[in-house]
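Worksheet for the structure shown next.
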Amino acid sequence: MKKPYGLNELRKMFLDYFESKGHLVLPSFSLVPHNDNSLLLINAGMAPLKPYFTGAEEPPRHRVATCQKCMRTGDLENVGKDGRHATFFEMLGNFSFGDYFKHEAIAWTWEFLTQYAGLEPERLYPSVYQDDDEAFDIWNKEIGIPADRIYRFGKEDNFWEHGSGPCGPCSEVYYDRGEKYGCGKPTCGVGCDCDRYMEVWNNVFTQFDNDGHNNYTELKQKNIDTGMGLERLAVAVQDVDTIFDVDTIRALREMVCETAGVTYETDFDADVSIRIITDHIRAATFMISDGIQPSNEGRGYVLRRIIRRASRNGRLLGIKGKFLAPLSEKVIETSKEGYPELEEKREFILKVLTQEEDSFNRTLDTGLSILNEMEQKMSAEGSTVLAGADAFKLYDTYGFPLDLTKEILGEKGYSVDDEGFASCMEEQRRKARDARKYIEGASSYMGADATVYDQLDRNLTTEFTGYDSLVFESKISALTTPDEVVQVLSDGQEGSIFTEKSPFYATMGGQMNDVGVIEGPYGTFEVTDVEKLLGGKFAHIGKVTRGMFASGDIVTLKVDEEHRSETAKNHSATHLLQKALRIVLGSHVEQKGSMNNNEKLRFDFSHFQAMTPEEIRRVEDIVNEEIEAALPVITNIMSLEEAKKTGAMALFGEKYGDSVRVVTMGDFSRELCGGTHVKNTALISSFKILSEQGVSSGVRRIEAITGPAVRKYYQEMEDRLNQAAKTAKCDPAQLSARIEALHEEVKALSAENSSLRNQAAKSAMGDVMSQVREVKGVKFLPVKLKNVSMQELMNLGDQLKTKLGEGVVLLAADNDGKVSLLAMATDGAMKSGAHAGNIIKAAAGKVGGGGGGRPNMAQAGGKNPAGIDDALAFAQETLSGQIK
């Protein structure tokens, strides 16, 4: 071994090496997955590169190398119990997207490990998939590894696949750390569970496609996916026991010991706590640097859990007061060489850690006291299981996490009633749902805006700059998630961004909000809604689509120009519409409401009857005439009194300030309005009314479209007209006459068809009067038919009832596996006690159906034609029981 390189040296060495091989070295991606809902946190070097492997995105280069931050929390409970497990780790990787393949990948693996990292060749053992002769020959014939030192393993160990899709064999490299790390068994060798033979490198050769049924075909584009844990490599290079003994992690571990006043490897329980704190503070520091904040769900809960687990283990070591922030500073100091963002966000990281530690210390003091009382009660009762209701009380009332309760009790041999806890949790959720109140017309922003926005500083405000510019730079003044004010929003999170100034128009005055993006130094935020809140602050609501945002960031706000333009056209057209309505219908027309967005406009106005087609056409013509007149649209700011003197229309009942905006369109329209408009009516292009209807007493509503939407409307109408004409086999001009002719033809054919079906049903029935039976003096005619509809049964029933004179008729039809039943009773039969509804109900049960009806007539359906004979027989028995 040449030199026990440090962790930071090995990282740089690896990236420099592959850069020399033509790889593009990319910085580590965030721990927060980007556009990948399958992962809570990035857990492997290839995870952020999946779009390149699948072909969904084109890679920046076909050779890439990274050192990726990773988190795995599936075995969180085992972290600390030995030196193997960790939540946070760094994964070195070199990747080929359809470029080089096995020969280069294996050669570079060997060259780096032996000539750069300095591992002795005789202590390295490759493994290959059992059927991968190509990889075996490369190791054997090209690299020169003796065949007896190359191990063939099966699918479980050396073949990567995940259901259907790209997959392939693996080639791993193991390093013999020496007998001192072994188990001492005669069988100890590569693949043994002990710590002697440690896997340091894994090449995945993605060369097949699995159809999901284990049928494999060769991929046209073969890929290389390499993974090598940096900490594992350092363990081998530095010849140390575990990852907790690697140089940078050891420095952190020693600081934990110094803070607690304990010595490592003198007490097992203390060692567990030392390793937990060491691992967890690394993880927490990196998570916070990527914008993750402690919360009660998702990745935020993972962070909260590891911070609190570290804090509690500090208490177990006897540490008094807060201690996590100084440890985090050590993480930053030893890792900033590879991750400069740690230094950039130092202040923020330390602030989040301190706040969470403060909060948990308060929770822990109270929770431990209550839990101790519960333990004493359990002991007195001879129980070893904490009731779910008690665990929920700790969680709900005192903020004590369930997993912490379970961990503390588990150390003493106790457990928790999980089902009872879950039941209490569901009951609480039900009560919360029942108690939740919704305010009509309020924003539906995640159902929590009324609460979260109340937490903001009341002095926050936003200056609107969007009349003059659609792009503006400003400072973030506040951030929220749907339920709390935060310092950071990170990739994938939904929330609100507040800025000191904004070009985004918030929904108000009948105009819907702008949409667009906010771009910051570290991320992009898609704005889908904008609300103006109390105090004049604008909530830019949406989702972080890349990176992260922090309070205080300088950001660029960009309004979607096309969206704003189409909205402005509809809003300006609304002004023209109101004036046109007053011209056509009278001066009693006043605005009662409006909605203008980028797709259409809606205008509610006072009027007491439906508009005639002629009135609608006249209004439409007037608006289009003013659009063609190319009227200049001018906005002036003046006092309310001055505005009234100009004759500007104001919205009845609206409250205005001392200074108002007056929007004038030539000499045609003048209104008080704070919205955004076109600069000339010609830009509206065209106007079309889609509908006119009543919405309440004395209030009518018009919906209309403008500009490109009108062209699209007429294009669609023309397409429908042409398609209808084609279907009717005529020219569009002849379509109306053709439809009238077809309508008359259908009426005639329908009448003829009905007559023919009735005749067919009669013919199929034949002479059934011979089947009439007498039941206690009442005539009963049961008839079995085939393929006769219910309407036809009713026609036949009326005819048979007439022929019968007095009595009961029961018809049963088998219609392709379904049964239709009809019963009719005459007045005389009903006087004797017959009831058609009860007869049909009894019969329906025999054919797997149900039904009922009045005493004189009833119908039913069923799904078992084989039971028709039984149904008719049972109906006769039922009738017999009815006769008095």
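Scheme for the structure tokens: letters A, B, ... for chains in order shown; per-chain residue numbers from 1; ligand numbers from 1 in order shown.
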
Which of segment 828-857 of chain A DSSP labels alpha helix (DSSP H), written as a ChimeraX atom specification: /A:828-831,836-844

Who sits within 12 Å of Ser587 of chain A, only C-alpha atoms, same chain under 6 positions skipped, as an MDAnalysis selection string: chainID A and resid 578:581 605:607 649

Can you write just those residues out, N, CA, C and O atoms, as a short mmCIF file (atom, residue, chain, number, x, y, z; two decimals), in the first residue's frame?
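Below you can see selection-v8.cif, which holds the result:
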data_model
loop_
_atom_site.label_atom_id
_atom_site.label_comp_id
_atom_site.auth_asym_id
_atom_site.auth_seq_id
_atom_site.Cartn_x
_atom_site.Cartn_y
_atom_site.Cartn_z
N GLN A 578 -69.42 45.52 -21.35
CA GLN A 578 -70.33 46.21 -20.43
C GLN A 578 -70.95 47.43 -21.10
O GLN A 578 -72.17 47.66 -20.98
N LYS A 579 -70.14 48.19 -21.80
CA LYS A 579 -70.69 49.38 -22.47
C LYS A 579 -71.67 48.97 -23.55
O LYS A 579 -72.75 49.57 -23.72
N ALA A 580 -71.36 47.92 -24.31
CA ALA A 580 -72.26 47.46 -25.38
C ALA A 580 -73.59 46.99 -24.80
O ALA A 580 -74.66 47.23 -25.39
N LEU A 581 -73.57 46.33 -23.67
CA LEU A 581 -74.80 45.87 -23.03
C LEU A 581 -75.66 47.05 -22.61
O LEU A 581 -76.90 47.02 -22.74
N PHE A 605 -74.34 40.47 -15.02
CA PHE A 605 -74.89 41.82 -15.08
C PHE A 605 -76.38 41.81 -14.74
O PHE A 605 -77.06 40.78 -14.82
N SER A 606 -76.86 42.97 -14.33
CA SER A 606 -78.26 43.09 -13.94
C SER A 606 -79.13 43.22 -15.19
O SER A 606 -78.92 44.08 -16.04
N HIS A 607 -80.08 42.32 -15.31
CA HIS A 607 -81.07 42.33 -16.40
C HIS A 607 -82.12 41.32 -16.01
O HIS A 607 -81.83 40.31 -15.36
N MET A 649 -67.09 54.63 -14.97
CA MET A 649 -67.98 53.70 -14.27
C MET A 649 -67.24 53.02 -13.14
O MET A 649 -66.09 52.59 -13.29
#

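The closest residue to Pro33 of chain A, picked from A:Ala573, A:Ser164, A:Val190, A:Cys70 and counting only C-alpha atoms, is A:Cys70.
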
So that I can see what lies close to Glu562 of chain A, please list as a PDB file with all heavy atoms, in the first residue's frame the residues with an atom at most 10 Å from it, counting only C-alpha atoms and leaving out residues fewer than 6 positions away in the same chain.
ATOM      1  N   VAL A 515     -49.322  33.457 -14.118  1.00  0.00           N
ATOM      2  CA  VAL A 515     -48.507  32.271 -13.834  1.00  0.00           C
ATOM      3  C   VAL A 515     -47.114  32.535 -14.396  1.00  0.00           C
ATOM      4  O   VAL A 515     -46.903  33.483 -15.149  1.00  0.00           O
ATOM      5  CB  VAL A 515     -49.102  30.987 -14.448  1.00  0.00           C
ATOM      6  CG1 VAL A 515     -50.470  30.701 -13.882  1.00  0.00           C
ATOM      7  CG2 VAL A 515     -49.162  31.098 -15.972  1.00  0.00           C
ATOM      8  N   ALA A 568     -55.225  39.695 -20.530  1.00  0.00           N
ATOM      9  CA  ALA A 568     -55.461  41.119 -20.764  1.00  0.00           C
ATOM     10  C   ALA A 568     -56.486  41.325 -21.878  1.00  0.00           C
ATOM     11  O   ALA A 568     -57.348  42.214 -21.787  1.00  0.00           O
ATOM     12  CB  ALA A 568     -54.145  41.807 -21.111  1.00  0.00           C
ATOM     13  N   ASN A 598     -56.961  33.507 -18.967  1.00  0.00           N
ATOM     14  CA  ASN A 598     -56.324  33.441 -20.283  1.00  0.00           C
ATOM     15  C   ASN A 598     -57.136  32.657 -21.305  1.00  0.00           C
ATOM     16  O   ASN A 598     -56.793  32.657 -22.489  1.00  0.00           O
ATOM     17  CB  ASN A 598     -54.934  32.805 -20.157  1.00  0.00           C
ATOM     18  CG  ASN A 598     -55.004  31.362 -19.692  1.00  0.00           C
ATOM     19  OD1 ASN A 598     -55.694  31.054 -18.715  1.00  0.00           O
ATOM     20  ND2 ASN A 598     -54.302  30.463 -20.358  1.00  0.00           N
TER      21      ASN A 598
END

Residues near segment 631-639 of chain A, cut-off 9 Å, only C-alpha atoms, skip fewer than 2 positions along chain, as a list in words: Ser572, Glu626, Ile627, Glu628, Ala629, Glu641, Glu642, Ala643, Lys644, Gly657, Asp658, Ser659, Val660, Arg661, Val662, Val663, Thr664, Met665, Gly666, Asp667, Phe668, His677, Val678, Lys679, Asn680, Thr681 and Ala682 of chain A

Restrict the selected residues to N, CA and C atoms and save them as a tab-separated table (two decimals), in the first residue's frame.
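Full text of part19.tsv as output:
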chain	number	residue	atom	x	y	z
A	572	SER	N	-59.90	43.40	-21.15
A	572	SER	CA	-60.24	44.61	-21.91
A	572	SER	C	-61.55	44.42	-22.66
A	626	GLU	N	-65.70	48.02	-32.06
A	626	GLU	CA	-64.76	48.82	-31.27
A	626	GLU	C	-63.36	48.19	-31.27
A	627	ILE	N	-63.31	46.89	-31.42
A	627	ILE	CA	-62.00	46.23	-31.55
A	627	ILE	C	-61.36	46.65	-32.88
A	628	GLU	N	-62.17	46.63	-33.95
A	628	GLU	CA	-61.66	47.02	-35.27
A	628	GLU	C	-61.29	48.50	-35.32
A	629	ALA	N	-61.91	49.31	-34.47
A	629	ALA	CA	-61.63	50.75	-34.46
A	629	ALA	C	-60.24	51.06	-33.90
A	641	GLU	N	-62.61	61.47	-6.66
A	641	GLU	CA	-63.52	62.55	-7.05
A	641	GLU	C	-63.28	62.96	-8.50
A	642	GLU	N	-62.00	63.05	-8.88
A	642	GLU	CA	-61.69	63.41	-10.27
A	642	GLU	C	-62.20	62.33	-11.22
A	643	ALA	N	-62.06	61.08	-10.83
A	643	ALA	CA	-62.53	59.98	-11.67
A	643	ALA	C	-64.03	60.04	-11.89
A	644	LYS	N	-64.77	60.34	-10.84
A	644	LYS	CA	-66.23	60.43	-10.95
A	644	LYS	C	-66.63	61.56	-11.89
A	657	GLY	N	-59.74	53.42	-2.82
A	657	GLY	CA	-58.87	54.29	-2.06
A	657	GLY	C	-58.95	55.72	-2.56
A	658	ASP	N	-58.12	56.58	-1.99
A	658	ASP	CA	-58.12	57.98	-2.41
A	658	ASP	C	-57.63	58.13	-3.84
A	659	SER	N	-56.71	57.22	-4.24
A	659	SER	CA	-56.15	57.26	-5.58
A	659	SER	C	-56.62	56.04	-6.35
A	660	VAL	N	-57.13	56.25	-7.60
A	660	VAL	CA	-57.68	55.14	-8.37
A	660	VAL	C	-57.10	55.16	-9.78
A	661	ARG	N	-57.19	54.01	-10.44
A	661	ARG	CA	-56.75	53.89	-11.84
A	661	ARG	C	-57.99	53.94	-12.73
A	662	VAL	N	-57.95	54.78	-13.72
A	662	VAL	CA	-59.05	54.92	-14.66
A	662	VAL	C	-58.57	54.43	-16.02
A	663	VAL	N	-59.25	53.39	-16.56
A	663	VAL	CA	-58.89	52.81	-17.84
A	663	VAL	C	-59.86	53.33	-18.90
A	664	THR	N	-59.31	54.01	-19.90
A	664	THR	CA	-60.13	54.62	-20.95
A	664	THR	C	-59.82	53.95	-22.29
A	665	MET	N	-60.89	53.61	-23.02
A	665	MET	CA	-60.74	53.03	-24.35
A	665	MET	C	-61.40	53.98	-25.34
A	666	GLY	N	-60.57	54.85	-25.94
A	666	GLY	CA	-61.07	55.87	-26.85
A	666	GLY	C	-62.12	56.71	-26.16
A	667	ASP	N	-63.20	57.01	-26.89
A	667	ASP	CA	-64.33	57.71	-26.28
A	667	ASP	C	-65.46	56.75	-25.95
A	668	PHE	N	-65.17	55.46	-26.07
A	668	PHE	CA	-66.24	54.46	-25.93
A	668	PHE	C	-66.44	54.01	-24.49
A	677	HIS	N	-54.36	45.42	-18.94
A	677	HIS	CA	-55.11	45.53	-20.19
A	677	HIS	C	-54.19	45.60	-21.39
A	678	VAL	N	-54.78	45.41	-22.58
A	678	VAL	CA	-54.04	45.60	-23.82
A	678	VAL	C	-53.79	47.09	-24.00
A	679	LYS	N	-52.84	47.44	-24.86
A	679	LYS	CA	-52.53	48.86	-25.10
A	679	LYS	C	-53.41	49.45	-26.18
A	680	ASN	N	-54.06	48.58	-26.98
A	680	ASN	CA	-54.96	49.03	-28.03
A	680	ASN	C	-55.99	47.94	-28.25
A	681	THR	N	-57.26	48.34	-28.48
A	681	THR	CA	-58.31	47.32	-28.61
A	681	THR	C	-58.07	46.39	-29.81
A	682	ALA	N	-57.31	46.86	-30.81
A	682	ALA	CA	-57.04	46.01	-31.97
A	682	ALA	C	-56.32	44.74	-31.58

Residues of segment 104-301 of chain A in strand (DSSP E or B), written as a PyMOL selection string: chain A and resi 124-129+151-153+159-160+165-176+197-210+216-229

Contacts of segment 195-199 of chain A within 9 Å, only C-alpha atoms, excl. fewer than 2 positions in-chain, as a PyMOL selection string: chain A and resi 125+172-183+188-193+201-202+228+232-233+236+241

Option closest in space to Trp139 of chain A, from A:Ile497, A:Ala105, A:Val488, A:Leu119 [counting only C-alpha atoms]: A:Ala105

Non-local contacts of Gly74 of chain A (12 Å; only C-alpha atoms; under 5 positions in same chain excluded) as a PyMOL selection string: chain A and resi 40-41+43+79+85-88+302

Nearest candidate to Pro782 of chain A (options A:Tyr301, A:Tyr713, A:Phe874, A:Tyr467; using only C-alpha atoms): A:Phe874

Coordinates-based distance that separates atom CA of Ser496 of chain A from atom CA of Ile518 of chain A (Å, one decimal): 11.1 Å

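Restricting the calculation to only C-alpha atoms, the smallest distance between Gly466 of chain A and any of A:Ala825, A:Ala650, A:Ala506, A:Val452 is found for A:Ala506.
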
Surrounding residues of Leu793 of chain A excluding itself and chain neighbours under 2 positions, 12 Å, only C-alpha atoms, as JSON, numbers by chain: {"A": [757, 758, 760, 761, 762, 765, 783, 784, 785, 786, 787, 788, 789, 790, 791, 795, 796, 797, 798, 799, 800, 801, 809, 810, 811, 812, 813, 814, 815, 819, 820, 821, 822, 823, 824, 857, 858, 859, 860]}

For the residues in the current selection, export N, CA and C atoms as a short mmCIF file (atom, residue, chain, number, x, y, z; two decimals), in the first residue's frame.
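The resulting file, out_16.cif, is shown below:
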data_model
loop_
_atom_site.label_atom_id
_atom_site.label_comp_id
_atom_site.auth_asym_id
_atom_site.auth_seq_id
_atom_site.Cartn_x
_atom_site.Cartn_y
_atom_site.Cartn_z
N ARG A 757 -92.40 -5.61 -34.74
CA ARG A 757 -92.00 -6.31 -33.52
C ARG A 757 -93.23 -6.81 -32.76
N ASN A 758 -94.27 -6.01 -32.75
CA ASN A 758 -95.50 -6.45 -32.07
C ASN A 758 -96.08 -7.66 -32.76
N ALA A 760 -94.38 -9.80 -34.52
CA ALA A 760 -93.48 -10.93 -34.28
C ALA A 760 -93.71 -11.52 -32.89
N ALA A 761 -93.92 -10.64 -31.92
CA ALA A 761 -94.15 -11.11 -30.56
C ALA A 761 -95.45 -11.91 -30.48
N LYS A 762 -96.49 -11.43 -31.17
CA LYS A 762 -97.76 -12.15 -31.18
C LYS A 762 -97.58 -13.52 -31.83
N MET A 765 -95.78 -15.89 -29.64
CA MET A 765 -96.58 -16.30 -28.50
C MET A 765 -97.61 -17.36 -28.90
N VAL A 783 -97.29 -16.91 -19.23
CA VAL A 783 -96.78 -17.10 -20.59
C VAL A 783 -95.25 -16.95 -20.59
N LYS A 784 -94.60 -17.89 -21.23
CA LYS A 784 -93.14 -17.88 -21.36
C LYS A 784 -92.77 -17.48 -22.79
N LEU A 785 -91.90 -16.43 -22.93
CA LEU A 785 -91.55 -15.90 -24.25
C LEU A 785 -90.03 -15.82 -24.41
N LYS A 786 -89.61 -15.48 -25.64
CA LYS A 786 -88.19 -15.36 -25.91
C LYS A 786 -87.93 -14.11 -26.74
N ASN A 787 -86.93 -13.34 -26.32
CA ASN A 787 -86.49 -12.14 -27.03
C ASN A 787 -87.63 -11.15 -27.28
N VAL A 788 -88.26 -10.74 -26.20
CA VAL A 788 -89.33 -9.74 -26.26
C VAL A 788 -89.01 -8.64 -25.25
N SER A 789 -88.95 -7.38 -25.71
CA SER A 789 -88.58 -6.27 -24.82
C SER A 789 -89.70 -5.99 -23.82
N MET A 790 -89.37 -5.19 -22.81
CA MET A 790 -90.36 -4.87 -21.78
C MET A 790 -91.51 -4.06 -22.38
N GLN A 791 -91.21 -3.15 -23.31
CA GLN A 791 -92.29 -2.38 -23.94
C GLN A 791 -93.24 -3.29 -24.70
N ASN A 795 -97.33 -4.19 -24.20
CA ASN A 795 -98.35 -4.19 -25.27
C ASN A 795 -99.10 -5.52 -25.30
N LEU A 796 -98.31 -6.62 -25.22
CA LEU A 796 -98.93 -7.95 -25.22
C LEU A 796 -99.80 -8.15 -23.98
N GLY A 797 -99.32 -7.66 -22.86
CA GLY A 797 -100.08 -7.81 -21.62
C GLY A 797 -101.44 -7.14 -21.69
N ASP A 798 -101.46 -5.93 -22.27
CA ASP A 798 -102.73 -5.22 -22.42
C ASP A 798 -103.70 -6.02 -23.31
N GLN A 799 -103.13 -6.58 -24.40
CA GLN A 799 -103.98 -7.34 -25.32
C GLN A 799 -104.52 -8.61 -24.64
N LEU A 800 -103.65 -9.33 -23.92
CA LEU A 800 -104.08 -10.57 -23.27
C LEU A 800 -105.06 -10.29 -22.14
N LYS A 801 -104.86 -9.18 -21.44
CA LYS A 801 -105.78 -8.83 -20.34
C LYS A 801 -107.17 -8.56 -20.89
N VAL A 809 -102.48 -11.79 -15.56
CA VAL A 809 -101.57 -12.19 -16.64
C VAL A 809 -100.13 -12.05 -16.13
N LEU A 810 -99.32 -13.07 -16.36
CA LEU A 810 -97.90 -13.02 -16.01
C LEU A 810 -97.07 -13.43 -17.21
N LEU A 811 -96.23 -12.51 -17.70
CA LEU A 811 -95.38 -12.77 -18.86
C LEU A 811 -93.91 -12.80 -18.42
N ALA A 812 -93.18 -13.81 -18.93
CA ALA A 812 -91.76 -13.95 -18.61
C ALA A 812 -90.98 -14.14 -19.91
N ALA A 813 -89.98 -13.23 -20.17
CA ALA A 813 -89.22 -13.31 -21.42
C ALA A 813 -87.74 -13.55 -21.14
N ASP A 814 -87.17 -14.50 -21.91
CA ASP A 814 -85.73 -14.78 -21.86
C ASP A 814 -85.07 -13.96 -22.97
N ASN A 815 -84.31 -12.93 -22.60
CA ASN A 815 -83.67 -12.05 -23.57
C ASN A 815 -82.15 -12.18 -23.48
N VAL A 819 -83.70 -11.82 -17.87
CA VAL A 819 -85.13 -12.13 -17.76
C VAL A 819 -85.92 -10.85 -17.53
N SER A 820 -87.03 -10.70 -18.26
CA SER A 820 -87.98 -9.61 -18.05
C SER A 820 -89.31 -10.20 -17.61
N LEU A 821 -89.85 -9.67 -16.52
CA LEU A 821 -91.13 -10.17 -15.98
C LEU A 821 -92.16 -9.05 -15.94
N LEU A 822 -93.42 -9.38 -16.28
CA LEU A 822 -94.51 -8.40 -16.21
C LEU A 822 -95.76 -9.09 -15.68
N ALA A 823 -96.41 -8.48 -14.68
CA ALA A 823 -97.66 -9.02 -14.14
C ALA A 823 -98.74 -7.94 -14.23
N MET A 824 -99.97 -8.32 -14.64
CA MET A 824 -101.09 -7.40 -14.70
C MET A 824 -102.31 -8.05 -14.05
N MET A 857 -100.37 -3.52 -11.76
CA MET A 857 -99.31 -3.83 -12.71
C MET A 857 -97.95 -3.73 -12.02
N ALA A 858 -97.06 -4.66 -12.39
CA ALA A 858 -95.72 -4.64 -11.82
C ALA A 858 -94.75 -5.30 -12.79
N GLN A 859 -93.46 -4.90 -12.69
CA GLN A 859 -92.45 -5.50 -13.57
C GLN A 859 -91.19 -5.76 -12.78
N ALA A 860 -90.36 -6.64 -13.33
CA ALA A 860 -89.13 -7.01 -12.64
C ALA A 860 -88.12 -7.54 -13.66
#

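Nearest-residue note for Val272 of chain A: choosing from A:Thr676, A:Thr524, A:Asn313, A:Thr259, the minimum distance belongs to A:Asn313, counting only C-alpha atoms.
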
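Straight-line separation from atom CA of Gly552 of chain A to atom CA of Thr499 of chain A: 9.1 Å.
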
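Nearest to Glu341 of chain A of all the residues A:Pro503, A:Pro613, A:Gly291, A:Gly413 is A:Gly291, counting only C-alpha atoms.
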